[in-house]
Each structure stands twice: as structure tokens, then as C-alpha cells.
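File shown here: protein_11.txt, holding compact mmCIF, C-alpha atoms and all ligand atoms.
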# COMPACT_ATOMS: atom_id res chain seq x y z
CA MET A 250 -7.73 -15.35 -24.75
CA SER A 251 -5.87 -16.48 -21.66
CA SER A 252 -3.61 -14.07 -19.84
CA PRO A 253 0.13 -14.73 -20.20
CA LEU A 254 0.46 -13.88 -16.50
CA GLN A 255 -0.39 -16.43 -13.84
CA LEU A 256 -2.43 -14.15 -11.60
CA PRO A 257 -2.64 -14.89 -7.89
CA THR A 258 -6.08 -15.72 -6.50
CA TYR A 259 -7.90 -15.46 -3.20
CA ASP A 260 -6.32 -18.81 -2.19
CA ASP A 261 -2.95 -17.04 -2.25
CA VAL A 262 -4.32 -14.32 0.04
CA ALA A 263 -5.63 -16.99 2.43
CA ALA A 264 -2.25 -18.80 2.35
CA ALA A 265 -0.49 -15.49 3.05
CA ALA A 266 -2.79 -14.93 6.05
CA ARG A 267 -1.67 -18.28 7.48
CA ARG A 268 2.03 -17.42 7.00
CA LEU A 269 1.55 -14.00 8.60
CA SER A 270 -0.31 -15.36 11.58
CA GLY A 271 1.77 -14.75 14.70
CA HIS A 272 4.08 -12.34 12.84
CA ALA A 273 1.85 -9.48 11.62
CA HIS A 274 -0.44 -7.59 13.97
CA ARG A 275 -4.13 -8.10 13.45
CA THR A 276 -4.79 -4.37 13.25
CA PRO A 277 -7.96 -2.84 14.71
CA VAL A 278 -11.01 -1.73 12.76
CA LEU A 279 -11.99 1.64 14.25
CA ARG A 280 -15.22 3.60 14.02
CA SER A 281 -15.87 7.33 14.35
CA ARG A 282 -19.30 8.87 14.87
CA THR A 283 -17.98 12.16 13.54
CA ALA A 284 -16.80 10.49 10.34
CA ASP A 285 -20.13 8.67 10.02
CA ALA A 286 -21.98 11.97 10.41
CA LEU A 287 -19.74 13.74 7.88
CA LEU A 288 -20.39 11.14 5.18
CA GLY A 289 -23.86 9.99 6.21
CA ALA A 290 -22.53 6.43 6.18
CA GLN A 291 -21.17 3.76 8.51
CA LEU A 292 -17.40 3.86 8.19
CA TYR A 293 -15.03 1.04 9.11
CA PHE A 294 -11.39 2.12 9.23
CA LYS A 295 -8.87 -0.73 8.89
CA CYS A 296 -5.89 0.80 10.69
CA GLU A 297 -2.68 -0.42 9.09
CA ASN A 298 -0.93 2.59 10.61
CA PHE A 299 -0.81 0.28 13.65
CA GLN A 300 0.82 -2.55 11.66
CA ARG A 301 4.40 -3.59 12.47
CA MET A 302 6.84 -0.99 11.09
CA GLY A 303 3.85 1.29 10.66
CA ALA A 304 2.27 0.21 7.37
CA PHE A 305 0.57 -2.70 5.57
CA LYS A 306 3.76 -3.30 3.58
CA PHE A 307 4.98 -5.70 6.26
CA ARG A 308 2.33 -8.14 5.05
CA GLY A 309 3.53 -8.41 1.46
CA ALA A 310 7.22 -8.33 2.33
CA PHE A 311 6.99 -11.03 5.00
CA ASN A 312 4.85 -13.22 2.76
CA ALA A 313 7.31 -12.92 -0.14
CA LEU A 314 10.38 -13.62 1.99
CA SER A 315 8.67 -16.60 3.64
CA GLU A 316 8.52 -18.19 0.18
CA PHE A 317 12.30 -18.00 -0.41
CA THR A 318 14.23 -21.23 -0.93
CA PRO A 319 17.10 -22.01 1.49
CA ALA A 320 19.58 -20.85 -1.19
CA GLN A 321 17.74 -17.53 -1.59
CA ARG A 322 17.64 -17.03 2.16
CA LYS A 323 21.40 -17.38 2.28
CA THR A 324 22.17 -14.63 -0.27
CA GLY A 325 19.26 -12.53 0.94
CA VAL A 326 16.94 -9.90 -0.44
CA LEU A 327 17.35 -6.65 -2.32
CA ALA A 328 14.60 -4.05 -2.56
CA PHE A 329 14.06 -0.56 -3.92
CA SER A 330 11.52 1.63 -2.21
CA SER A 331 10.49 5.17 -1.38
CA GLY A 332 10.19 4.10 2.23
CA ASN A 333 7.71 1.71 3.74
CA HIS A 334 8.55 -1.26 1.53
CA ALA A 335 12.18 -0.77 2.56
CA GLN A 336 11.34 -0.98 6.25
CA ALA A 337 9.02 -3.90 5.62
CA ILE A 338 11.72 -5.88 3.80
CA ALA A 339 14.34 -4.94 6.38
CA LEU A 340 12.18 -6.05 9.30
CA SER A 341 11.01 -9.24 7.56
CA ALA A 342 14.59 -10.13 6.64
CA ARG A 343 15.65 -9.65 10.25
CA ILE A 344 12.81 -11.86 11.53
CA LEU A 345 13.62 -14.54 8.94
CA ASP A 346 17.36 -14.13 9.56
CA MET A 347 18.58 -13.23 6.06
CA PRO A 348 20.70 -10.36 4.66
CA ALA A 349 18.91 -7.33 3.16
CA ALA A 350 20.13 -4.42 1.01
CA ILE A 351 17.75 -1.55 0.26
CA LEU A 352 17.96 1.01 -2.55
CA MET A 353 16.29 4.22 -1.35
CA PRO A 354 15.85 7.71 -2.80
CA LEU A 355 18.23 10.32 -1.38
CA ASP A 356 15.26 12.50 -0.44
CA ALA A 357 13.24 9.77 1.32
CA PRO A 358 11.85 11.00 4.66
CA ALA A 359 14.59 10.94 7.29
CA ALA A 360 12.52 8.77 9.62
CA LYS A 361 12.17 6.12 6.92
CA LEU A 362 15.91 6.06 6.10
CA ALA A 363 16.78 5.81 9.79
CA ALA A 364 14.18 3.13 10.50
CA THR A 365 15.41 1.00 7.59
CA ARG A 366 19.00 1.19 8.85
CA GLY A 367 17.69 0.52 12.37
CA TYR A 368 16.24 -2.81 11.23
CA GLY A 369 19.74 -3.86 10.22
CA ALA A 370 19.52 -3.51 6.44
CA GLN A 371 22.26 -2.00 4.28
CA VAL A 372 20.88 1.22 2.70
CA ILE A 373 22.09 2.38 -0.74
CA THR A 374 20.79 5.80 -1.88
CA TYR A 375 20.08 7.15 -5.39
CA ASP A 376 18.57 10.26 -7.02
CA ARG A 377 15.01 9.35 -7.97
CA PHE A 378 14.58 12.31 -10.33
CA ALA A 379 17.71 11.40 -12.33
CA GLU A 380 18.36 7.65 -12.05
CA ASP A 381 16.39 4.53 -12.99
CA ARG A 382 15.94 2.53 -9.80
CA GLN A 383 14.83 -0.57 -11.67
CA ALA A 384 18.10 -0.72 -13.62
CA ILE A 385 20.23 -0.04 -10.52
CA GLY A 386 18.29 -2.64 -8.54
CA GLU A 387 18.65 -5.31 -11.20
CA ARG A 388 22.39 -4.66 -11.54
CA LEU A 389 22.94 -4.89 -7.79
CA ALA A 390 20.84 -8.03 -7.53
CA ALA A 391 22.86 -9.68 -10.29
CA GLU A 392 26.22 -8.64 -8.76
CA ARG A 393 25.35 -9.89 -5.29
CA GLY A 394 23.15 -12.86 -6.15
CA MET A 395 20.36 -11.36 -4.05
CA THR A 396 16.68 -11.81 -4.88
CA LEU A 397 14.95 -8.58 -5.88
CA ILE A 398 11.53 -8.14 -4.30
CA PRO A 399 9.64 -5.24 -5.89
CA PRO A 400 7.28 -3.08 -3.82
CA TYR A 401 4.07 -4.07 -5.58
CA ASP A 402 4.33 -6.02 -8.83
CA HIS A 403 4.87 -9.50 -7.41
CA PRO A 404 2.27 -12.24 -6.77
CA ASP A 405 3.46 -12.96 -3.20
CA VAL A 406 3.65 -9.26 -2.33
CA LEU A 407 0.16 -8.39 -3.52
CA ALA A 408 -1.32 -11.56 -2.01
CA GLY A 409 0.22 -10.55 1.33
CA GLN A 410 -1.20 -7.02 1.06
CA GLY A 411 -4.63 -8.54 0.47
CA THR A 412 -4.66 -9.97 3.98
CA ALA A 413 -5.55 -6.54 5.44
CA ALA A 414 -8.83 -6.43 3.50
CA LYS A 415 -9.41 -10.11 4.32
CA GLU A 416 -9.20 -9.29 8.03
CA LEU A 417 -11.53 -6.33 7.54
CA PHE A 418 -14.22 -8.50 5.90
CA ASP A 419 -13.64 -11.30 8.42
CA ASP A 420 -14.21 -8.78 11.23
CA VAL A 421 -17.13 -6.71 9.97
CA GLY A 422 -18.77 -8.80 7.23
CA GLU A 423 -19.78 -7.55 3.81
CA LEU A 424 -19.46 -3.89 2.94
CA ASP A 425 -21.06 -1.80 0.21
CA HIS A 426 -17.91 0.15 -0.68
CA LEU A 427 -14.20 -0.16 -0.01
CA PHE A 428 -11.74 2.71 -0.51
CA VAL A 429 -8.07 1.78 -0.86
CA CYS A 430 -4.94 3.94 -1.21
CA LEU A 431 -3.29 3.42 -4.60
CA GLY A 432 0.37 3.70 -5.56
CA GLY A 433 1.58 0.80 -7.69
CA GLY A 434 -1.50 -1.23 -6.86
CA GLY A 435 -0.26 -3.99 -4.54
CA LEU A 436 -2.67 -3.06 -1.77
CA LEU A 437 -5.55 -2.42 -4.16
CA SER A 438 -5.15 -5.60 -6.21
CA GLY A 439 -4.75 -7.76 -3.08
CA SER A 440 -7.78 -6.07 -1.51
CA ALA A 441 -9.75 -6.74 -4.68
CA LEU A 442 -8.91 -10.45 -4.53
CA ALA A 443 -10.14 -10.56 -0.93
CA ALA A 444 -13.26 -8.53 -1.68
CA ARG A 445 -14.29 -10.56 -4.71
CA ALA A 446 -14.15 -13.73 -2.60
CA LEU A 447 -15.55 -12.42 0.69
CA ALA A 448 -17.85 -9.57 -0.32
CA PRO A 449 -18.77 -10.04 -3.97
CA ARG A 450 -21.17 -7.08 -4.11
CA CYS A 451 -18.74 -4.62 -2.53
CA LYS A 452 -17.68 -1.77 -4.85
CA ILE A 453 -13.91 -1.26 -4.74
CA TYR A 454 -12.17 2.03 -5.45
CA GLY A 455 -8.51 2.90 -5.64
CA VAL A 456 -7.61 6.44 -4.62
CA GLU A 457 -4.39 8.03 -5.86
CA PRO A 458 -2.92 11.54 -5.70
CA GLU A 459 -4.44 13.89 -8.25
CA ALA A 460 -0.93 14.98 -9.31
CA GLY A 461 -0.09 11.36 -10.19
CA ASN A 462 -3.24 9.84 -11.69
CA ASP A 463 -1.50 7.27 -13.88
CA GLY A 464 -3.69 4.56 -12.34
CA GLN A 465 -6.87 6.38 -13.32
CA GLN A 466 -5.53 6.98 -16.84
CA SER A 467 -4.53 3.32 -17.11
CA PHE A 468 -7.88 2.10 -15.81
CA ARG A 469 -9.79 4.27 -18.28
CA SER A 470 -7.58 3.55 -21.30
CA GLY A 471 -7.01 -0.16 -20.68
CA GLU A 472 -3.22 0.21 -21.01
CA ILE A 473 -0.58 0.87 -18.35
CA VAL A 474 0.15 4.60 -18.58
CA HIS A 475 3.59 5.87 -17.49
CA ILE A 476 4.00 9.35 -15.96
CA ASP A 477 6.90 11.38 -14.53
CA THR A 478 7.44 11.12 -10.78
CA PRO A 479 4.52 13.18 -9.45
CA LYS A 480 5.04 15.98 -6.93
CA THR A 481 2.67 15.26 -4.06
CA ILE A 482 2.83 15.00 -0.27
CA ALA A 483 1.71 11.38 -0.65
CA ASP A 484 5.27 10.05 -0.89
CA GLY A 485 4.12 6.42 -0.70
CA ALA A 486 2.09 6.85 -3.89
CA GLN A 487 4.62 8.61 -6.12
CA THR A 488 4.71 5.62 -8.40
CA GLN A 489 5.01 6.24 -12.15
CA PHE A 490 3.04 3.24 -13.36
CA LEU A 491 1.01 0.25 -12.22
CA GLY A 492 2.49 -3.24 -12.38
CA GLN A 493 1.64 -6.02 -14.84
CA TYR A 494 0.08 -8.19 -12.14
CA THR A 495 -1.54 -5.37 -10.23
CA PHE A 496 -3.03 -3.77 -13.35
CA ALA A 497 -4.48 -7.05 -14.63
CA ILE A 498 -6.29 -7.61 -11.32
CA ILE A 499 -7.33 -3.97 -10.93
CA ARG A 500 -8.79 -3.90 -14.43
CA ARG A 501 -10.75 -7.05 -13.80
CA ASP A 502 -11.90 -6.55 -10.20
CA VAL A 503 -11.87 -2.85 -9.30
CA ASP A 504 -14.86 -0.56 -9.93
CA ASP A 505 -13.13 2.79 -10.36
CA ILE A 506 -10.00 4.81 -9.66
CA LEU A 507 -10.48 8.18 -7.94
CA THR A 508 -8.08 10.96 -7.01
CA ALA A 509 -7.47 13.21 -4.01
CA THR A 510 -5.63 16.53 -3.85
CA ASP A 511 -2.85 17.29 -1.38
CA ASP A 512 -5.18 19.74 0.39
CA GLN A 513 -7.78 17.00 0.85
CA LEU A 514 -5.08 14.72 2.27
CA ILE A 515 -4.14 17.39 4.81
CA VAL A 516 -7.80 17.77 5.84
CA ALA A 517 -7.98 14.01 6.36
CA MET A 518 -4.70 13.94 8.26
CA ARG A 519 -5.99 16.64 10.60
CA PHE A 520 -9.26 14.75 11.04
CA PHE A 521 -7.47 11.54 12.05
CA ALA A 522 -5.25 13.42 14.50
CA GLU A 523 -7.93 15.60 16.08
CA ARG A 524 -10.91 13.26 16.07
CA MET A 525 -9.46 9.76 16.19
CA LYS A 526 -6.15 10.56 17.94
CA MET A 527 -4.20 8.80 15.21
CA LEU A 528 -1.04 9.64 13.35
CA VAL A 529 -1.61 8.85 9.67
CA GLU A 530 0.91 9.63 6.95
CA PRO A 531 -0.28 11.64 3.92
CA THR A 532 -0.45 8.57 1.66
CA GLY A 533 -2.45 6.74 4.30
CA CYS A 534 -5.15 9.43 4.04
CA LEU A 535 -5.94 8.73 0.37
CA GLY A 536 -8.76 6.26 1.06
CA PHE A 537 -10.66 8.53 3.43
CA ALA A 538 -10.08 11.62 1.29
CA GLY A 539 -11.42 9.68 -1.69
CA ALA A 540 -14.50 8.51 0.21
CA ARG A 541 -15.19 12.03 1.41
CA HIS A 542 -14.64 14.04 -1.74
CA CYS A 543 -15.25 11.67 -4.66
CA GLY A 544 -18.94 12.28 -5.16
CA VAL A 545 -19.87 8.57 -4.92
CA PRO A 546 -23.21 8.58 -3.01
CA LEU A 547 -22.57 6.82 0.28
CA GLN A 548 -25.75 7.69 2.21
CA GLY A 549 -26.63 4.89 4.58
CA ALA A 550 -23.93 2.61 3.17
CA ARG A 551 -21.41 0.43 4.99
CA VAL A 552 -18.06 1.76 3.86
CA GLY A 553 -14.59 0.32 4.45
CA VAL A 554 -11.53 2.56 4.35
CA ILE A 555 -8.03 1.15 4.53
CA ILE A 556 -5.67 3.50 6.36
CA SER A 557 -2.42 2.27 4.86
CA GLY A 558 0.30 3.69 7.11
CA GLY A 559 1.43 6.09 9.79
CA ASN A 560 5.09 6.80 9.06
CA VAL A 561 5.67 10.54 8.94
CA ASP A 562 8.41 12.68 10.53
CA MET A 563 7.05 14.71 13.43
CA ALA A 564 8.52 17.91 11.97
CA ARG A 565 6.91 17.17 8.61
CA PHE A 566 3.58 16.35 10.28
CA ALA A 567 3.59 19.65 12.17
CA GLN A 568 4.54 21.54 9.02
CA LEU A 569 1.72 19.98 6.99
CA LEU A 570 -0.92 20.60 9.66
CA GLY A 571 0.32 24.15 10.17
CA SER A 572 -0.12 25.01 6.50
C1 LIG A 601 3.15 1.68 -0.48
C2 LIG A 601 2.09 2.45 0.17
C3 LIG A 601 0.89 2.75 -0.49
C4 LIG A 601 0.63 2.34 -1.91
O1 LIG A 601 0.59 0.93 -2.02
P1 LIG A 601 0.71 0.20 -3.44
O2 LIG A 601 0.66 -1.23 -3.11
O3 LIG A 601 2.00 0.63 -4.06
O4 LIG A 601 -0.44 0.69 -4.24
C5 LIG A 601 -0.08 3.43 0.20
N1 LIG A 601 0.12 3.85 1.47
C6 LIG A 601 1.26 3.60 2.13
C7 LIG A 601 1.39 4.08 3.53
C8 LIG A 601 2.28 2.89 1.51
O5 LIG A 601 3.40 2.64 2.18
Translate the structure of the given file into C-alpha cells.
Amino acid sequence: MSSPLQLPTYDDVAAAARRLSGHAHRTPVLRSRTADALLGAQLYFKCENFQRMGAFKFRGAFNALSEFTPAQRKTGVLAFSSGNHAQAIALSARILDMPAAILMPLDAPAAKLAATRGYGAQVITYDRFAEDRQAIGERLAAERGMTLIPPYDHPDVLAGQGTAAKELFDDVGELDHLFVCLGGGGLLSGSALAARALAPRCKIYGVEPEAGNDGQQSFRSGEIVHIDTPKTIADGAQTQFLGQYTFAIIRRDVDDILTATDDQLIVAMRFFAERMKMLVEPTGCLGFAGARHCGVPLQGARVGVIISGGNVDMARFAQLLGS
């Protein structure tokens, strides 16, 4: 049976890498002897916290907007996002000189709301516990003739996200394991496309918050499972369900979905700050927390960890580390 969806392939990731060249940062791959000693493995951290606007989401957003027709560029882009996708779309729209309107939750971190406005986008807020952002987004897009770019379930978005893992493999060669933060699955599915082409034997894991393990339930059951908005400090992974595209690729190419607790994320956040002198947002800690606490034997293995972002309010950061 052929899939009704036309799934993107590694060629789309490679094409995205060409479009992003000169616009996205080629982020560093950092090592830590302390981390290696803790896990008994060789760890390679792909640091997307150093990406433009502070997260990998710039890759997918810029790639998607680069594919707009001249007519689409004129009316511009609409996005809904809990934060980083909003900033990514706003910045990409500014670079590509098109209008952007962003639908954001009222309770999004203040730094993310401010940064999105700072990039010149119009911000429209809504109550994410009471209103359906998809419906609001579609209505606004129709009224204004703008093109809606979703945060993860879009071929150009996930292909763009895959360029981070592509760079990691290009820089360090094949790995035995790769741990990737999981929300709606754009980063994980794109990473899987890159891994299957560049490191076929690499085992790939998505790591999501324990409080919101819809991805794990979906992976195990073979159907996309919907959950209520989970309460977790990982605000970038409070997604309620995987996408059609992302799930199809994850099911085919990913080895397992793991979870991490909020306490484990805080431990990882403190580790990055103290040992590696890096500011990583809670969601960005999922990959490392998963590698450290999942029980997968990693002794002697070469292990990639994608650190997905570094956008966290300073007050919030201090509060989390003080707890
Ligand atoms: C969006 C985001 C994620 C989750 O990415 P998906 O593509 O939705 O799975 C993880 N970490 C950060 C920092 C993010 O902004």
C-alpha cells in the first residue's frame, strides 16, 4: 500500500541545507569530558541554542518561506506557535522581506512574546487552554490571504529542521545513537531523514516530556494519539499530537520514543550551565536527559545529542535552578 502523503526525503533536507547556507549559523558541536564520564560514552552535542533566534526552528521556517511564490510573499505568512516557531517565522519573514502575523498563547514566556514583536511581526494572542489555535489560525489565514506555516507538520519545515542533524553527521561522521527533543516531531522526523541517509546504523530516539507522552503512545500504538495540553516546564514540547508527515516518518525511521521528567530536565539544565557554560531552555534539555536516564546502554558508544534551543527568561531560569 502506498502512503497517501508525499513524504519528504533526504534530498529535501540537502536542498534545505543549500537554501539555508549563508542565512543559518552552522552551530558548533561541543564535547564535555564530564558528560562523557557520566554516561561512559563519547557525546557530541549539536548546539542549536546558538542558532539564530536561539533555536533550530529558524531552519524549518526559513526553508519554508524560501519556497513561497511571489504572490505568497506579497500577502505574507501566518503562524501559530508557543514561542520559538513564532520567532523563527518572524525573523525569516523579515530577512525575506514579507509580512508576518503570529498567533501566540497569552501565557507564552515574556521573552518569546517580546522577541517575536522585536522581529517586526504582528502578534495576536489567544488562550491555549480554552481556544483551538488551528481553527483561529485557519480563519485568520483565510481572511487575510496569508499562507499558514505550521510549526512541525509541513514537508519544508521538517526538511529544514533535518539540516541540524545533517551538519552533525557531516562534522563528526557516523554515530551509534542520536537523541532528539520531541514535540510535534519536526526536528525528530527531519533528523531521521538525515540519519537514515548519512548514518544508516545510527539508532534514533525521540525524547518528550513524561507528562505529555503522546508521541510514545502513538509510536507504540501505530496511531496518532491526542492528549490534553500537558503541564511541563518543557514549553516547546507541549504539543498535543504528532503531525501526519512527522508521524509517518517517525514510525518508519525512528527506533524508540523515550520520556524525561521535569526534574531530569532541571538536572540537565544545571549541568549545561555549570559544566558547559551554556544557557539551554528546558525543552532543549530533553535529548540529554533522555540519553542520561533512559536505560539504553551507551557504554563506549558515540552518541549525538541535539540541544534544540536556549530561549528562557532569566528570571524563569533562576527560579528553575533554585528549585
Ligand atoms: C519546537 C521545539 C522543540 C520540539 O520540536 P518539534 O519539531 O515540534 O518536535 C524542541 N525544542 C525546542 C527548543 C523547540 O523550540
Just want the 9 Å neighbourhood of Asp356 of chain A, counted on only C-alpha atoms, with same-chain residues fewer than 2 positions away dropped. Output as a ChimeraX atom specification. /A:331,353-354,358-359,374-377
Identify, on the basis of only C-alpha atoms, every residue whose closest approach to Gly369 of chain A does not exceed 8 Å; exclude the query and any residue fewer than 3 positions from it along the same chain; express the result as a PDB file with C-alpha atoms, in the frame of the given file.
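New file selection.pdb:
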ATOM      1  CA  ALA A 339      14.340  -4.940   6.380  1.00  0.00           C
ATOM      2  CA  LEU A 340      12.180  -6.050   9.300  1.00  0.00           C
ATOM      3  CA  ARG A 343      15.650  -9.650  10.250  1.00  0.00           C
ATOM      4  CA  ALA A 349      18.910  -7.330   3.160  1.00  0.00           C
ATOM      5  CA  THR A 365      15.410   1.000   7.590  1.00  0.00           C
ATOM      6  CA  ARG A 366      19.000   1.190   8.850  1.00  0.00           C
TER       7      ARG A 366
END
Using only C-alpha atoms and all ligand atoms, which protein or nucleic acid residues are at most 7 Å from ligand LIG 601 (chain A), as a VMD selection string? chain A and resid 304 to 306 332 to 334 400 to 401 430 to 437 485 to 486 530 532 to 533 557 to 559
Could you list, as an MDAnalysis selection string, every residue within 10 Å of Asn462 of chain A, counting only C-alpha atoms and ignoring same-chain residues fewer than 6 positions away? chainID A and resid 431:432 456 468 474:476 479 486:490 506:509
Pick from A:Gln321, A:Thr478, A:Ser470, A:Gln371: nearest to Gly394 of chain A, with only C-alpha atoms counted? A:Gln321
Which distance in Å separates atom CA of Gly367 of chain A and atom CA of Arg565 of chain A, to one decimal?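 A separation of 20.2 Å between them.
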Close residues, Val552 of chain A itself excluded, 9 Å, only C-alpha atoms, min 6 positions apart in chain, as number ranges by chain: A: 290-294, 424-428, 540
N, CA, C and O atoms for segment 424-446 of chain A, written as a PDB file, in the frame of the given file, could you do that?
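Listed below is the output, rebuild28.pdb:
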ATOM      1  N   LEU A 424     -19.370  -5.342   2.980  1.00  0.00           N
ATOM      2  CA  LEU A 424     -19.460  -3.890   2.940  1.00  0.00           C
ATOM      3  C   LEU A 424     -20.030  -3.495   1.573  1.00  0.00           C
ATOM      4  O   LEU A 424     -19.972  -4.275   0.619  1.00  0.00           O
ATOM      5  N   ASP A 425     -20.554  -2.276   1.492  1.00  0.00           N
ATOM      6  CA  ASP A 425     -21.060  -1.800   0.210  1.00  0.00           C
ATOM      7  C   ASP A 425     -19.956  -1.190  -0.651  1.00  0.00           C
ATOM      8  O   ASP A 425     -19.981  -1.278  -1.873  1.00  0.00           O
ATOM      9  N   HIS A 426     -19.000  -0.534   0.033  1.00  0.00           N
ATOM     10  CA  HIS A 426     -17.910   0.150  -0.680  1.00  0.00           C
ATOM     11  C   HIS A 426     -16.616  -0.040   0.097  1.00  0.00           C
ATOM     12  O   HIS A 426     -16.629  -0.076   1.324  1.00  0.00           O
ATOM     13  N   LEU A 427     -15.520  -0.108  -0.646  1.00  0.00           N
ATOM     14  CA  LEU A 427     -14.200  -0.160  -0.010  1.00  0.00           C
ATOM     15  C   LEU A 427     -13.264   0.805  -0.729  1.00  0.00           C
ATOM     16  O   LEU A 427     -13.115   0.736  -1.959  1.00  0.00           O
ATOM     17  N   PHE A 428     -12.662   1.708   0.042  1.00  0.00           N
ATOM     18  CA  PHE A 428     -11.740   2.710  -0.510  1.00  0.00           C
ATOM     19  C   PHE A 428     -10.307   2.358  -0.096  1.00  0.00           C
ATOM     20  O   PHE A 428     -10.023   2.208   1.094  1.00  0.00           O
ATOM     21  N   VAL A 429      -9.433   2.262  -1.087  1.00  0.00           N
ATOM     22  CA  VAL A 429      -8.070   1.780  -0.860  1.00  0.00           C
ATOM     23  C   VAL A 429      -7.055   2.753  -1.461  1.00  0.00           C
ATOM     24  O   VAL A 429      -7.214   3.185  -2.615  1.00  0.00           O
ATOM     25  N   CYS A 430      -6.025   3.082  -0.708  1.00  0.00           N
ATOM     26  CA  CYS A 430      -4.940   3.940  -1.210  1.00  0.00           C
ATOM     27  C   CYS A 430      -4.263   3.245  -2.394  1.00  0.00           C
ATOM     28  O   CYS A 430      -4.031   2.038  -2.350  1.00  0.00           O
ATOM     29  N   LEU A 431      -3.896   4.016  -3.400  1.00  0.00           N
ATOM     30  CA  LEU A 431      -3.290   3.420  -4.600  1.00  0.00           C
ATOM     31  C   LEU A 431      -1.970   4.088  -4.975  1.00  0.00           C
ATOM     32  O   LEU A 431      -1.911   5.295  -5.193  1.00  0.00           O
ATOM     33  N   GLY A 432      -0.919   3.275  -5.014  1.00  0.00           N
ATOM     34  CA  GLY A 432       0.370   3.700  -5.560  1.00  0.00           C
ATOM     35  C   GLY A 432       0.618   2.829  -6.789  1.00  0.00           C
ATOM     36  O   GLY A 432       0.120   3.087  -7.877  1.00  0.00           O
ATOM     37  N   GLY A 433       1.355   1.731  -6.601  1.00  0.00           N
ATOM     38  CA  GLY A 433       1.580   0.800  -7.690  1.00  0.00           C
ATOM     39  C   GLY A 433       0.534  -0.291  -7.779  1.00  0.00           C
ATOM     40  O   GLY A 433       0.516  -1.088  -8.715  1.00  0.00           O
ATOM     41  N   GLY A 434      -0.341  -0.343  -6.770  1.00  0.00           N
ATOM     42  CA  GLY A 434      -1.500  -1.230  -6.860  1.00  0.00           C
ATOM     43  C   GLY A 434      -1.395  -2.555  -6.121  1.00  0.00           C
ATOM     44  O   GLY A 434      -2.275  -3.407  -6.274  1.00  0.00           O
ATOM     45  N   GLY A 435      -0.357  -2.754  -5.306  1.00  0.00           N
ATOM     46  CA  GLY A 435      -0.260  -3.990  -4.540  1.00  0.00           C
ATOM     47  C   GLY A 435      -1.400  -4.110  -3.530  1.00  0.00           C
ATOM     48  O   GLY A 435      -2.063  -5.148  -3.436  1.00  0.00           O
ATOM     49  N   LEU A 436      -1.614  -3.042  -2.788  1.00  0.00           N
ATOM     50  CA  LEU A 436      -2.670  -3.060  -1.770  1.00  0.00           C
ATOM     51  C   LEU A 436      -4.046  -3.167  -2.425  1.00  0.00           C
ATOM     52  O   LEU A 436      -4.897  -3.938  -1.987  1.00  0.00           O
ATOM     53  N   LEU A 437      -4.241  -2.422  -3.506  1.00  0.00           N
ATOM     54  CA  LEU A 437      -5.550  -2.420  -4.160  1.00  0.00           C
ATOM     55  C   LEU A 437      -5.849  -3.771  -4.819  1.00  0.00           C
ATOM     56  O   LEU A 437      -6.952  -4.307  -4.668  1.00  0.00           O
ATOM     57  N   SER A 438      -4.879  -4.336  -5.525  1.00  0.00           N
ATOM     58  CA  SER A 438      -5.150  -5.600  -6.210  1.00  0.00           C
ATOM     59  C   SER A 438      -5.361  -6.732  -5.197  1.00  0.00           C
ATOM     60  O   SER A 438      -6.269  -7.556  -5.351  1.00  0.00           O
ATOM     61  N   GLY A 439      -4.556  -6.750  -4.128  1.00  0.00           N
ATOM     62  CA  GLY A 439      -4.750  -7.760  -3.080  1.00  0.00           C
ATOM     63  C   GLY A 439      -6.098  -7.599  -2.397  1.00  0.00           C
ATOM     64  O   GLY A 439      -6.799  -8.581  -2.127  1.00  0.00           O
ATOM     65  N   SER A 440      -6.483  -6.349  -2.135  1.00  0.00           N
ATOM     66  CA  SER A 440      -7.780  -6.070  -1.510  1.00  0.00           C
ATOM     67  C   SER A 440      -8.906  -6.539  -2.421  1.00  0.00           C
ATOM     68  O   SER A 440      -9.924  -7.061  -1.948  1.00  0.00           O
ATOM     69  N   ALA A 441      -8.724  -6.337  -3.719  1.00  0.00           N
ATOM     70  CA  ALA A 441      -9.750  -6.740  -4.680  1.00  0.00           C
ATOM     71  C   ALA A 441      -9.925  -8.255  -4.686  1.00  0.00           C
ATOM     72  O   ALA A 441     -11.043  -8.760  -4.743  1.00  0.00           O
ATOM     73  N   LEU A 442      -8.804  -8.988  -4.590  1.00  0.00           N
ATOM     74  CA  LEU A 442      -8.910 -10.450  -4.530  1.00  0.00           C
ATOM     75  C   LEU A 442      -9.707 -10.874  -3.302  1.00  0.00           C
ATOM     76  O   LEU A 442     -10.573 -11.754  -3.364  1.00  0.00           O
ATOM     77  N   ALA A 443      -9.422 -10.224  -2.168  1.00  0.00           N
ATOM     78  CA  ALA A 443     -10.140 -10.560  -0.930  1.00  0.00           C
ATOM     79  C   ALA A 443     -11.607 -10.181  -1.052  1.00  0.00           C
ATOM     80  O   ALA A 443     -12.499 -10.958  -0.676  1.00  0.00           O
ATOM     81  N   ALA A 444     -11.871  -9.002  -1.586  1.00  0.00           N
ATOM     82  CA  ALA A 444     -13.260  -8.530  -1.680  1.00  0.00           C
ATOM     83  C   ALA A 444     -14.080  -9.409  -2.611  1.00  0.00           C
ATOM     84  O   ALA A 444     -15.216  -9.767  -2.286  1.00  0.00           O
ATOM     85  N   ARG A 445     -13.514  -9.767  -3.760  1.00  0.00           N
ATOM     86  CA  ARG A 445     -14.290 -10.560  -4.710  1.00  0.00           C
ATOM     87  C   ARG A 445     -14.679 -11.920  -4.117  1.00  0.00           C
ATOM     88  O   ARG A 445     -15.721 -12.477  -4.443  1.00  0.00           O
ATOM     89  N   ALA A 446     -13.848 -12.443  -3.222  1.00  0.00           N
ATOM     90  CA  ALA A 446     -14.150 -13.730  -2.600  1.00  0.00           C
ATOM     91  C   ALA A 446     -15.068 -13.579  -1.383  1.00  0.00           C
ATOM     92  O   ALA A 446     -15.938 -14.416  -1.155  1.00  0.00           O
TER      93      ALA A 446
END
